[in-house]
$ cat structure_26.txt   # compact mmCIF, C-alpha atoms
# COMPACT_ATOMS: atom_id res chain seq x y z
CA MET A 1 26.95 3.67 -4.85
CA LEU A 2 24.58 2.92 -1.96
CA TRP A 3 21.61 4.36 -3.82
CA TYR A 4 22.48 2.38 -6.92
CA LYS A 5 22.88 -0.82 -4.90
CA SER A 6 19.45 -0.28 -3.31
CA TRP A 7 17.97 0.29 -6.74
CA LEU A 8 19.52 -2.91 -8.10
CA GLU A 9 18.12 -4.88 -5.16
CA THR A 10 14.56 -3.66 -5.60
CA ARG A 11 14.21 -2.56 -9.23
CA TRP A 12 12.29 -5.61 -10.48
CA ARG A 13 9.88 -5.54 -7.54
CA PHE A 14 9.32 -1.85 -8.17
CA LEU A 15 8.89 -2.10 -11.95
CA ILE A 16 6.58 -5.12 -11.74
CA GLY A 17 4.56 -3.41 -9.00
CA LEU A 18 4.29 -0.21 -11.03
CA ALA A 19 3.16 -2.11 -14.13
CA LEU A 20 0.54 -4.13 -12.22
CA LEU A 21 -0.83 -1.14 -10.31
CA MET A 22 -1.08 0.93 -13.48
CA CYS A 23 -2.81 -1.94 -15.28
CA SER A 24 -5.20 -2.29 -12.35
CA ALA A 25 -6.03 1.42 -12.45
CA ALA A 26 -6.54 1.32 -16.22
CA ALA A 27 -8.75 -1.80 -15.99
CA LEU A 28 -10.76 -0.10 -13.26
CA VAL A 29 -11.56 2.82 -15.56
CA PHE A 30 -12.24 0.87 -18.75
CA THR A 31 -14.53 -1.71 -17.12
CA TYR A 32 -16.83 0.93 -15.61
CA PRO A 33 -19.25 1.17 -18.59
CA ARG A 34 -19.88 -2.58 -18.40
CA VAL A 35 -20.23 -2.51 -14.61
CA ARG A 36 -22.73 0.33 -14.90
CA GLU A 37 -24.82 -1.78 -17.29
CA LEU A 38 -24.73 -4.88 -15.08
CA LEU A 39 -25.41 -3.31 -11.67
CA PRO A 40 -29.19 -2.94 -12.16
CA LEU A 41 -29.37 -6.67 -12.99
CA ALA A 42 -27.52 -7.81 -9.85
CA PRO A 43 -29.69 -9.74 -7.32
CA PRO A 44 -29.97 -8.41 -3.75
CA VAL A 45 -27.21 -9.52 -1.38
CA GLU A 46 -28.45 -11.80 1.41
CA VAL A 47 -25.16 -12.08 3.34
CA GLY A 48 -25.39 -10.69 6.87
CA GLY A 49 -22.86 -9.07 9.17
CA GLU A 50 -20.07 -6.65 8.32
CA LEU A 51 -19.11 -8.55 5.16
CA GLY A 52 -22.64 -8.31 3.79
CA ARG A 53 -22.81 -4.63 4.69
CA ARG A 54 -19.60 -3.94 2.81
CA ILE A 55 -20.80 -5.84 -0.28
CA ARG A 56 -24.09 -3.94 -0.33
CA GLU A 57 -22.30 -0.64 0.23
CA ALA A 58 -19.85 -1.37 -2.60
CA MET A 59 -22.75 -2.09 -4.96
CA ASP A 60 -24.57 1.09 -3.92
CA VAL A 61 -21.63 3.46 -4.22
CA ALA A 62 -20.52 1.91 -7.52
CA ARG A 63 -23.65 3.30 -9.18
CA GLU A 64 -21.82 6.60 -9.64
CA TYR A 65 -18.31 6.89 -11.01
CA ARG A 66 -16.58 8.48 -8.02
CA GLY A 67 -17.97 5.81 -5.70
CA TYR A 68 -17.01 3.05 -8.11
CA VAL A 69 -13.41 4.27 -8.31
CA TRP A 70 -13.16 4.45 -4.53
CA SER A 71 -14.87 1.15 -3.66
CA GLN A 72 -13.36 -1.02 -6.39
CA GLY A 73 -10.04 0.79 -6.68
CA PHE A 74 -8.74 2.53 -3.59
CA GLN A 75 -10.64 0.34 -1.13
CA GLN A 76 -9.99 -2.99 -2.80
CA ASN A 77 -7.79 -3.66 -5.84
CA LEU A 78 -5.19 -0.93 -5.40
CA SER A 79 -5.00 -1.37 -1.62
CA ASN A 80 -4.51 -5.13 -1.89
CA LEU A 81 -1.85 -4.91 -4.59
CA GLY A 82 -0.24 -1.92 -2.91
CA THR A 83 0.10 -3.73 0.41
CA LEU A 84 1.82 -6.65 -1.32
CA PHE A 85 4.38 -4.45 -3.07
CA ALA A 86 4.98 -2.24 -0.03
CA VAL A 87 6.00 -5.41 1.81
CA LEU A 88 8.08 -6.64 -1.13
CA LEU A 89 9.96 -3.32 -1.36
CA GLY A 90 10.80 -3.49 2.35
CA THR A 91 11.83 -7.14 2.43
CA GLY A 92 15.49 -8.08 2.29
CA GLY A 93 18.46 -5.77 2.56
CA LEU A 94 21.40 -5.64 4.89
CA VAL A 95 21.32 -8.99 6.67
CA SER A 96 20.05 -11.25 3.88
CA GLY A 97 21.62 -12.29 0.61
CA GLY A 98 25.12 -13.29 -0.32
CA ALA A 99 26.49 -9.73 -0.41
CA ALA A 100 25.25 -8.78 3.07
CA LEU A 101 28.57 -9.25 4.87
CA PHE A 102 30.45 -7.39 2.13
CA THR A 103 28.00 -4.47 2.39
CA LEU A 104 28.35 -4.34 6.17
CA SER A 105 32.15 -4.35 5.87
CA LEU A 106 32.14 -1.08 3.91
CA PRO A 107 33.60 1.96 5.74
CA ILE A 108 30.11 3.41 6.26
CA SER A 109 27.95 3.32 9.37
CA ARG A 110 25.21 0.72 9.53
CA ARG A 111 22.64 3.43 10.21
CA ARG A 112 23.62 5.17 6.98
CA LEU A 113 23.38 1.91 5.07
CA LEU A 114 19.90 1.31 6.43
CA GLY A 115 18.90 4.94 5.92
CA THR A 116 19.82 4.78 2.24
CA ARG A 117 17.93 1.50 1.83
CA VAL A 118 14.85 2.99 3.52
CA ALA A 119 14.98 6.25 1.55
CA ALA A 120 15.29 4.41 -1.77
CA GLY A 121 12.42 2.09 -0.87
CA LEU A 122 10.16 4.93 0.25
CA ALA A 123 10.91 6.83 -2.97
CA GLU A 124 9.83 3.78 -4.97
CA TRP A 125 6.74 3.33 -2.80
CA PHE A 126 5.87 7.02 -3.34
CA VAL A 127 5.83 6.42 -7.10
CA LEU A 128 3.72 3.27 -6.68
CA ALA A 129 1.21 5.19 -4.55
CA PHE A 130 0.77 8.27 -6.72
CA VAL A 131 1.21 7.21 -10.35
CA PRO A 132 -1.76 4.75 -10.47
CA ALA A 133 -3.93 7.25 -8.57
CA LEU A 134 -3.13 10.01 -11.10
CA LEU A 135 -3.70 7.64 -14.01
CA ILE A 136 -7.41 7.47 -13.10
CA PRO A 137 -8.27 11.14 -13.87
CA LEU A 138 -6.04 10.93 -16.97
CA LEU A 139 -7.95 7.97 -18.43
CA SER A 140 -11.47 8.78 -17.22
CA PRO A 141 -12.44 10.97 -20.23
CA ALA A 142 -11.93 7.89 -22.43
CA VAL A 143 -15.10 6.37 -20.89
CA GLY A 144 -17.03 9.64 -20.80
CA GLU A 145 -16.38 10.30 -17.11
CA SER A 146 -14.26 12.71 -15.09
CA TYR A 147 -12.35 12.31 -11.85
CA SER A 148 -10.78 15.08 -9.80
CA VAL A 149 -6.98 15.33 -9.82
CA GLY A 150 -7.23 16.76 -6.30
CA ALA A 151 -9.12 13.68 -5.11
CA ALA A 152 -6.54 11.43 -6.77
CA LEU A 153 -3.73 13.27 -4.96
CA VAL A 154 -5.51 12.97 -1.60
CA HIS A 155 -6.10 9.25 -2.07
CA GLY A 156 -2.49 8.84 -3.23
CA MET A 157 -1.26 10.54 -0.06
CA CYS A 158 -3.41 8.30 2.17
CA PHE A 159 -2.22 5.30 0.15
CA PHE A 160 1.41 6.31 0.62
CA VAL A 161 1.32 7.15 4.35
CA ALA A 162 -0.72 4.12 5.48
CA GLY A 163 1.07 1.76 3.10
CA SER A 164 4.40 2.89 4.53
CA VAL A 165 3.44 1.02 7.70
CA PHE A 166 3.71 -2.30 5.83
CA PHE A 167 6.96 -1.20 4.18
CA SER A 168 8.43 -0.27 7.59
CA LEU A 169 7.22 -3.53 9.12
CA ALA A 170 9.01 -5.48 6.39
CA ILE A 171 12.19 -3.43 6.95
CA LEU A 172 12.04 -4.12 10.70
CA LEU A 173 11.52 -7.86 10.19
CA SER A 174 14.37 -7.92 7.67
CA THR A 175 16.76 -6.71 10.40
CA VAL A 176 15.57 -9.51 12.70
CA PHE A 177 15.71 -12.49 10.33
CA GLY A 178 18.63 -13.44 8.10
CA ASP A 179 16.53 -14.68 5.18
CA VAL A 180 14.03 -13.11 2.80
CA TRP A 181 11.06 -15.44 3.21
CA ARG A 182 10.28 -15.09 6.91
CA PRO A 183 10.00 -11.28 6.88
CA LEU A 184 7.87 -11.48 3.73
CA LEU A 185 5.49 -14.13 5.06
CA ILE A 186 5.16 -12.63 8.55
CA ALA A 187 4.47 -9.13 7.19
CA LEU A 188 1.85 -10.48 4.76
CA LEU A 189 0.18 -12.54 7.49
CA ILE A 190 -0.02 -9.45 9.71
CA ALA A 191 -1.48 -7.45 6.80
CA MET A 192 -4.09 -10.16 6.18
CA ALA A 193 -4.95 -10.34 9.88
CA LEU A 194 -5.48 -6.57 10.03
CA GLY A 195 -7.72 -6.74 6.97
CA ALA A 196 -9.78 -9.59 8.43
CA LEU A 197 -10.08 -7.73 11.73
CA GLU A 198 -11.50 -4.68 9.97
CA ILE A 199 -14.12 -6.79 8.21
CA PHE A 200 -15.21 -9.17 10.95
CA ALA A 201 -14.78 -6.91 14.00
CA ASP A 202 -16.67 -4.01 12.40
CA LEU A 203 -13.60 -1.75 12.42
CA SER A 204 -13.80 -0.74 8.78
CA ARG A 205 -14.08 2.96 9.62
CA PHE A 206 -11.04 3.00 11.94
CA GLY A 207 -8.50 0.48 10.65
CA ILE A 208 -5.36 0.98 8.63
CA TYR A 209 -7.05 -0.02 5.37
CA SER A 210 -9.70 2.62 5.98
CA VAL A 211 -6.90 5.19 6.21
CA MET A 212 -5.15 3.69 3.20
CA SER A 213 -8.29 3.99 1.05
CA GLY A 214 -9.10 7.51 2.25
CA SER A 215 -12.51 6.36 3.48
CA SER A 216 -13.30 9.47 5.51
CA TYR A 217 -12.32 11.73 2.61
CA PHE A 218 -14.66 9.86 0.28
CA ARG A 219 -17.55 9.87 2.75
CA THR A 220 -17.27 13.31 4.35
CA GLY A 221 -14.58 15.22 2.46
CA THR A 222 -12.30 15.31 5.53
CA LEU A 223 -8.83 13.85 5.69
CA PRO A 224 -8.21 11.05 8.23
CA TRP A 225 -5.69 13.14 10.16
CA GLY A 226 -5.71 10.88 13.21
CA GLY A 227 -5.11 7.75 11.15
CA LEU A 228 -2.42 9.44 9.06
CA PHE A 229 -0.62 10.60 12.23
CA VAL A 230 -0.81 7.14 13.83
CA SER A 231 0.41 5.52 10.60
CA ALA A 232 3.35 7.92 10.29
CA ALA A 233 4.22 7.43 13.98
CA ALA A 234 4.06 3.64 13.64
CA SER A 235 6.29 3.72 10.55
CA THR A 236 8.79 6.00 12.30
CA ALA A 237 8.87 3.78 15.41
CA MET A 238 9.47 0.62 13.37
CA LEU A 239 12.21 2.25 11.31
CA TYR A 240 13.87 3.48 14.51
CA ALA A 241 13.69 -0.05 15.93
CA ALA A 242 15.17 -1.41 12.69
CA SER A 243 18.03 1.11 12.96
CA ALA A 244 18.71 0.02 16.55
CA ASN A 245 18.61 -3.65 15.52
CA ILE A 246 21.08 -3.23 12.69
CA ALA A 247 23.41 -1.09 14.80
CA ASN A 248 23.55 -3.56 17.69
CA ARG A 249 23.48 -6.83 15.79
CA ASP A 250 26.59 -9.00 15.98
CA PHE A 251 27.55 -10.41 12.60

$ encode --input "structure_26.txt" --output "structure tokens"
Amino acid sequence: MLWYKSWLETRWRFLIGLALLMCSAAALVFTYPRVRELLPLAPPVEVGGELGRRIREAMDVAREYRGYVWSQGFQQNLSNLGTLFAVLLGTGGLVSGGAALFTLSLPISRRRLLGTRVAAGLAEWFVLAFVPALLIPLLSPAVGESYSVGAALVHGMCFFVAGSVFFSLAILLSTVFGDVWRPLLIALLIAMALGALEIFADLSRFGIYSVMSGSSYFRTGTLPWGGLFVSAAASTAMLYAASANIANRDF
């Protein structure tokens, strides 16, 4: 019953997210031949600073297929969409909505209620992280290219672990506020602030979006173990705080 209730609460967010992420991955693959034709015609980028460096780097790495998939997909489109839907999957739940008090009155501990909600959301987020990533090697032969399934799995894992931070943040905020909109907006503002900090403070190699895109794996072939550990620890800490909030809250 609890699993089914969690599914009913999040199914449209999940299905819409899955459709959009899969469409984004497919568009990424099928637009590559045109991008490859246009890149030699692009004028040099005159923008300075970290933003200019990132634009020039994206143009350089996009000249070969693996770099294009990473820079335009895992570093940009998929990460941006993924962050949005990680937050959406975590928003709402036990203390918001008309059925919240009924749910909390069930003869089940609040920690179990939250645990089921979190497990269902993470399962959905797992699908959102891995299915679009695996779609890339599946579709690549259609444009005369190939992409490693192993690389797709690694990027999917980085996507899942780092993106879980935003999911956990939304869960935590949803145990603090009694509505849906404040947790959603605050979590998205924090995500945007972290992204801006990476760009303008020259932290692109160390920030959460660098971990989410698997930057170190793309550049050096090594997994970002430190970033993955910090992301997992941050998610665990926020979920523990959410559990404490829901257990101690007076309704």

$ residues_near_point --input "structure_26.txt" --point "(-7.2, 2.4, -0.3)" --cutoff "10 Å" --atoms "all atoms listed in the file" --output "list in words"
Trp70, Ser71, Gln72, Gly73, Phe74, Gln75, Gln76, Asn77, Leu78, Ser79, Asn80, Gly82, Thr83, Ala129, His155, Gly156, Cys158, Phe159, Phe160, Ala162, Gly163, Ile208, Tyr209, Ser210, Val211, Met212, Ser213, Gly214 and Ser215 of chain A

$ residues_around --input "structure_26.txt" --residues "Ala151 of chain A" --least-positions-apart "3" --cutoff "9 Å" --atoms "all atoms listed in the file" --output "number ranges by chain"
A: 133, 147-148, 154-156, 217-218

$ atom_distance --input "structure_26.txt" --atom1 "atom CA of Leu169 of chain A" --atom2 "atom CA of Ile16 of chain A"
20.9 Å

$ atom_distance --input "structure_26.txt" --atom1 "atom CA of Leu189 of chain A" --atom2 "atom CA of Leu21 of chain A"
21.2 Å

$ closest_residue --input "structure_26.txt" --among "A:Ala247, A:Val149, A:Ala120, A:Leu134" --to "Ser6 of chain A" --atoms "only C-alpha atoms"
A:Ala120

$ atom_distance --input "structure_26.txt" --atom1 "atom CA of Leu139 of chain A" --atom2 "atom CA of Met22 of chain A"
11.0 Å

$ closest_residue --input "structure_26.txt" --among "A:Leu223, A:Ala152, A:Ile136, A:Val230" --to "Ser164 of chain A" --atoms "all atoms listed in the file"
A:Val230

$ closest_residue --input "structure_26.txt" --among "A:Leu84, A:Ala19, A:Leu173, A:Val69" --to "Ser140 of chain A" --atoms "all atoms listed in the file"
A:Val69

$ residues_near_point --input "structure_26.txt" --point "(-14.0, 0.3, -17.9)" --cutoff "12 Å" --atoms "only C-alpha atoms" --output "number ranges by chain"
A: 23-37, 65, 68-69, 72-73, 136, 139-145

$ residues_around --input "structure_26.txt" --residues "segment 123-126 of chain A" --least-positions-apart "6" --cutoff "10 Å" --atoms "all atoms listed in the file" --output "ChimeraX atom specification"
/A:7,10-11,13-15,17-18,82,85-87,89-90,156-157,159-161,163-164,167

$ closest_residue --input "structure_26.txt" --among "A:Leu228, A:Asp179, A:Gly207, A:Pro132" --to "Gly195 of chain A" --atoms "all atoms listed in the file"
A:Gly207
